[in-house]
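Engineer: My structure is in protein-v5.cif, and what it holds is mmCIF, C-alpha atoms and all ligand atoms:
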data_start
#
loop_
_atom_site.label_atom_id
_atom_site.label_comp_id
_atom_site.auth_asym_id
_atom_site.auth_seq_id
_atom_site.Cartn_x
_atom_site.Cartn_y
_atom_site.Cartn_z
CA MET A 1 4.11 28.65 -9.76
CA THR A 2 0.37 28.85 -9.55
CA VAL A 3 -1.95 27.00 -7.22
CA ALA A 4 -3.01 24.78 -10.14
CA TRP A 5 0.60 23.69 -10.63
CA TYR A 6 0.97 22.83 -6.97
CA ALA A 7 -2.26 20.82 -7.07
CA PHE A 8 -0.97 19.06 -10.19
CA ILE A 9 2.28 18.16 -8.38
CA VAL A 10 0.29 16.67 -5.48
CA VAL A 11 -1.80 14.53 -7.89
CA ILE A 12 1.23 13.37 -9.92
CA THR A 13 3.13 12.53 -6.73
CA PHE A 14 0.15 10.53 -5.49
CA CYS A 15 0.09 8.48 -8.71
CA VAL A 16 3.86 7.97 -8.70
CA MET A 17 3.55 6.74 -5.12
CA GLU A 18 1.25 3.90 -6.20
CA PHE A 19 4.03 2.82 -8.56
CA MET A 20 6.68 3.27 -5.85
CA ALA A 21 4.62 1.24 -3.39
CA TRP A 22 4.15 -1.53 -5.98
CA PHE A 23 7.86 -1.49 -6.79
CA ALA A 24 9.01 -1.50 -3.16
CA HIS A 25 6.53 -4.23 -2.26
CA LYS A 26 7.52 -6.48 -5.16
CA TYR A 27 11.27 -5.98 -5.25
CA ILE A 28 12.27 -4.88 -1.73
CA MET A 29 9.70 -6.25 0.71
CA HIS A 30 9.49 -9.53 -1.21
CA GLY A 31 13.25 -9.20 -1.81
CA TRP A 32 16.08 -8.44 0.60
CA LEU A 33 13.78 -7.00 3.29
CA TRP A 34 11.45 -10.00 3.36
CA GLY A 35 12.56 -10.44 6.98
CA TRP A 36 10.49 -7.35 7.88
CA HIS A 37 7.52 -8.16 5.65
CA ARG A 38 7.17 -11.87 6.49
CA ASP A 39 5.04 -11.38 9.61
CA HIS A 40 2.48 -9.49 7.52
CA HIS A 41 1.98 -12.62 5.42
CA ASP A 42 2.30 -15.20 8.15
CA PRO A 43 0.84 -14.29 11.57
CA GLN A 44 2.86 -16.99 13.35
CA TYR A 45 5.85 -14.66 13.16
CA LYS A 46 4.17 -11.77 14.92
CA GLU A 47 3.47 -13.76 18.07
CA GLY A 48 0.18 -12.09 18.96
CA GLN A 49 1.64 -8.59 19.00
CA PHE A 50 -0.39 -5.66 17.69
CA PHE A 51 2.58 -4.23 15.84
CA GLU A 52 4.16 -6.16 13.03
CA LYS A 53 7.79 -5.92 12.02
CA ASN A 54 6.26 -4.90 8.71
CA ASP A 55 5.16 -1.63 10.37
CA LEU A 56 8.80 -0.53 10.32
CA PHE A 57 8.14 0.35 6.69
CA PHE A 58 5.91 3.21 7.87
CA LEU A 59 8.98 4.77 9.45
CA VAL A 60 11.11 4.14 6.36
CA PHE A 61 8.51 5.61 4.00
CA ALA A 62 8.18 8.69 6.23
CA ILE A 63 11.78 9.66 5.42
CA PRO A 64 11.24 10.83 1.80
CA SER A 65 8.17 12.90 2.72
CA ALA A 66 9.88 14.45 5.75
CA THR A 67 12.87 15.30 3.55
CA ALA A 68 10.59 16.86 0.93
CA TYR A 69 8.88 19.01 3.60
CA ILE A 70 12.17 20.20 5.05
CA VAL A 71 13.90 20.94 1.73
CA GLY A 72 10.71 22.46 0.25
CA LEU A 73 10.35 24.90 3.14
CA ALA A 74 14.03 25.67 3.69
CA THR A 75 15.04 26.34 0.09
CA PRO A 76 13.48 28.24 -2.86
CA HIS A 77 12.20 24.87 -4.18
CA LEU A 78 8.76 25.25 -2.66
CA TRP A 79 7.32 22.69 -5.11
CA LEU A 80 9.06 19.98 -3.09
CA LEU A 81 6.70 20.78 -0.22
CA PHE A 82 3.84 19.63 -2.47
CA VAL A 83 5.71 16.44 -3.33
CA GLY A 84 5.85 15.87 0.45
CA ILE A 85 2.11 16.56 0.74
CA GLY A 86 1.37 14.10 -2.11
CA ILE A 87 3.44 11.40 -0.39
CA SER A 88 1.66 12.06 2.93
CA ILE A 89 -1.80 11.86 1.36
CA TYR A 90 -0.85 8.58 -0.32
CA GLY A 91 0.54 7.24 2.97
CA LEU A 92 -2.63 8.19 4.82
CA ILE A 93 -4.91 6.58 2.19
CA TYR A 94 -2.67 3.50 2.07
CA PHE A 95 -3.01 3.18 5.84
CA LEU A 96 -6.80 3.65 5.76
CA ILE A 97 -7.33 1.19 2.90
CA HIS A 98 -4.68 -1.40 3.70
CA ASP A 99 -4.54 -1.44 7.49
CA VAL A 100 -8.04 -0.28 8.46
CA TYR A 101 -10.31 -1.38 5.60
CA ILE A 102 -8.59 -4.56 4.39
CA HIS A 103 -6.87 -5.91 7.50
CA ARG A 104 -9.28 -4.35 10.06
CA ARG A 105 -6.60 -3.47 12.57
CA PHE A 106 -8.94 -0.72 13.77
CA LYS A 107 -12.73 -1.04 13.73
CA TRP A 108 -13.25 2.43 12.31
CA PHE A 109 -15.38 1.74 9.30
CA LYS A 110 -16.86 -1.32 7.70
CA GLN A 111 -19.55 0.22 5.54
CA LEU A 112 -17.25 0.85 2.60
CA ASP A 113 -18.75 -1.25 -0.17
CA SER A 114 -18.51 -0.61 -3.88
CA ARG A 115 -17.34 -2.44 -6.97
CA TYR A 116 -13.96 -0.76 -6.56
CA SER A 117 -13.59 -1.50 -2.84
CA ARG A 118 -14.48 -5.15 -3.44
CA ALA A 119 -11.93 -5.31 -6.28
CA ILE A 120 -9.28 -3.94 -3.90
CA LEU A 121 -10.23 -6.60 -1.32
CA ARG A 122 -9.96 -9.38 -3.91
CA ALA A 123 -6.67 -8.12 -5.30
CA HIS A 124 -5.03 -7.78 -1.89
CA GLY A 125 -6.63 -11.01 -0.71
CA SER A 126 -5.01 -12.79 -3.62
CA HIS A 127 -1.69 -11.22 -2.61
CA HIS A 128 -2.15 -12.72 0.85
CA SER A 129 -3.18 -16.13 -0.45
CA LYS A 130 0.52 -17.06 -0.24
CA LYS A 131 2.60 -16.88 2.92
CA THR A 132 5.85 -17.08 1.02
CA LYS A 133 8.31 -14.58 -0.41
CA GLU A 134 7.92 -16.03 -3.89
CA ASP A 135 4.96 -16.52 -6.22
CA CYS A 136 2.80 -13.68 -4.91
CA GLU A 137 0.67 -11.53 -7.19
CA SER A 138 -0.94 -8.09 -7.01
CA PHE A 139 1.68 -5.97 -5.25
CA GLY A 140 -0.02 -2.62 -5.80
CA LEU A 141 -2.92 -1.34 -3.73
CA LEU A 142 -5.13 1.22 -5.49
CA PHE A 143 -4.35 0.31 -9.10
CA VAL A 144 -6.26 -2.93 -9.46
CA HIS A 145 -6.08 -5.36 -12.37
CA PRO A 146 -9.47 -5.48 -14.20
CA ARG A 147 -9.84 -9.20 -13.45
CA TYR A 148 -10.47 -8.42 -9.77
CA PHE A 149 -13.62 -6.48 -10.69
CA SER A 150 -15.26 -9.73 -11.69
CA GLU A 151 -17.78 -10.81 -9.02
CA ASP A 152 -16.92 -14.47 -9.57
CA TYR A 153 -13.16 -13.94 -9.39
CA LYS A 154 -12.83 -16.08 -6.23
CA MET A 155 -14.85 -18.92 -7.73
CA SER A 156 -12.78 -18.97 -10.88
CA ARG A 157 -9.63 -19.13 -8.74
CA LYS A 158 -10.90 -22.00 -6.63
CA LYS A 159 -11.39 -24.13 -9.72
CA THR A 160 -7.80 -23.72 -10.83
ZN ZN B 1 3.50 -8.84 0.44
ZN ZN B 2 -1.72 -6.79 3.51
#
Spit out the file's structure as structure tokens when you get a sec.
Structural biologist:
Amino acid sequence: MTVAWYAFIVVITFCVMEFMAWFAHKYIMHGWLWGWHRDHHDPQYKEGQFFEKNDLFFLVFAIPSATAYIVGLATPHLWLLFVGIGISIYGLIYFLIHDVYIHRRFKWFKQLDSRYSRAILRAHGSHHSKKTKEDCESFGLLFVHPRYFSEDYKMSRKKT
């Protein structure tokens, strides 16, 4: 395969990961593994600790990428290595956007400000407007519903 193909695999994997993250968040984290995700929605369960039980998902989501690296390098299926790279890039960006930019767990950067970054903040903020397993919206991270680009989104929500 050519370099262009490998780059294509990284990009496709990255996009599929946004879907996987949405799916896992909606049906697993707000499903049978809510016990791990609950302290991310309701700080009273994390008892002042820096780490949340929810962080266990970082370890879980590292398994598919680690597997892709190992199988990609140890077998003739080198393309799997680039699947692993795509997953890692998504994981890194998810961490930077979700944990650093949105939740400010590290004070690394605050100057990020664009229409898109504000839409991400609104979308994830609306996800966190509920502390419960049920009735949440906006489970994805980077793929944002167009309504969150509206500058008066918050106002229109307050009225309802
Ligand atoms: Zn959630
Ligand atoms: Zn969050």
Engineer: Taking all atoms listed in the file into account, report as a PyMOL selection string which residues have an atom no farther than 12 Å from an atom of ligand ZN 1 (chain B).
Structural biologist: chain A and resi 21-31+33-42+54+98+123-141
Engineer: How many Å lie between CA of Tyr153 in chain A and CA of Lys107 in chain A, rounded to one decimal?
Structural biologist: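 CA of Lys107 in chain A lies 26.5 Å from CA of Tyr153 in chain A.
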Engineer: From the set A:Asp55, A:Phe143, A:Thr13, A:Ile89, which residue has the shortest atom-to-atom contact distance to ligand ZN 2 (chain B), counting only C-alpha atoms and all ligand atoms?
Structural biologist: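 So, comparing all the options, the nearest one is A:Asp55.
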Engineer: As an exercise, work out the distance from CA of Phe14 in chain A to CA of Ile87 in chain A in Å and give it to one decimal place.
Structural biologist: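 Rounded to one decimal, the two atoms are 6.1 Å apart.
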Engineer: One decimal, in Å: what's the spacing between CA of Gly86 in chain A and CA of Ala66 in chain A?
Structural biologist: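 Interatomic distance, CA of Gly86 in chain A to CA of Ala66 in chain A: 11.6 Å.
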Engineer: Counting all atoms listed in the file, figure out which residue out of A:Ala62, A:Leu112, A:Leu96, A:Val3 gets nearest to ligand ZN 2 (chain B).
Structural biologist: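 Using all atoms listed in the file, the shortest distance to ligand ZN 2 (chain B) belongs to A:Leu96.
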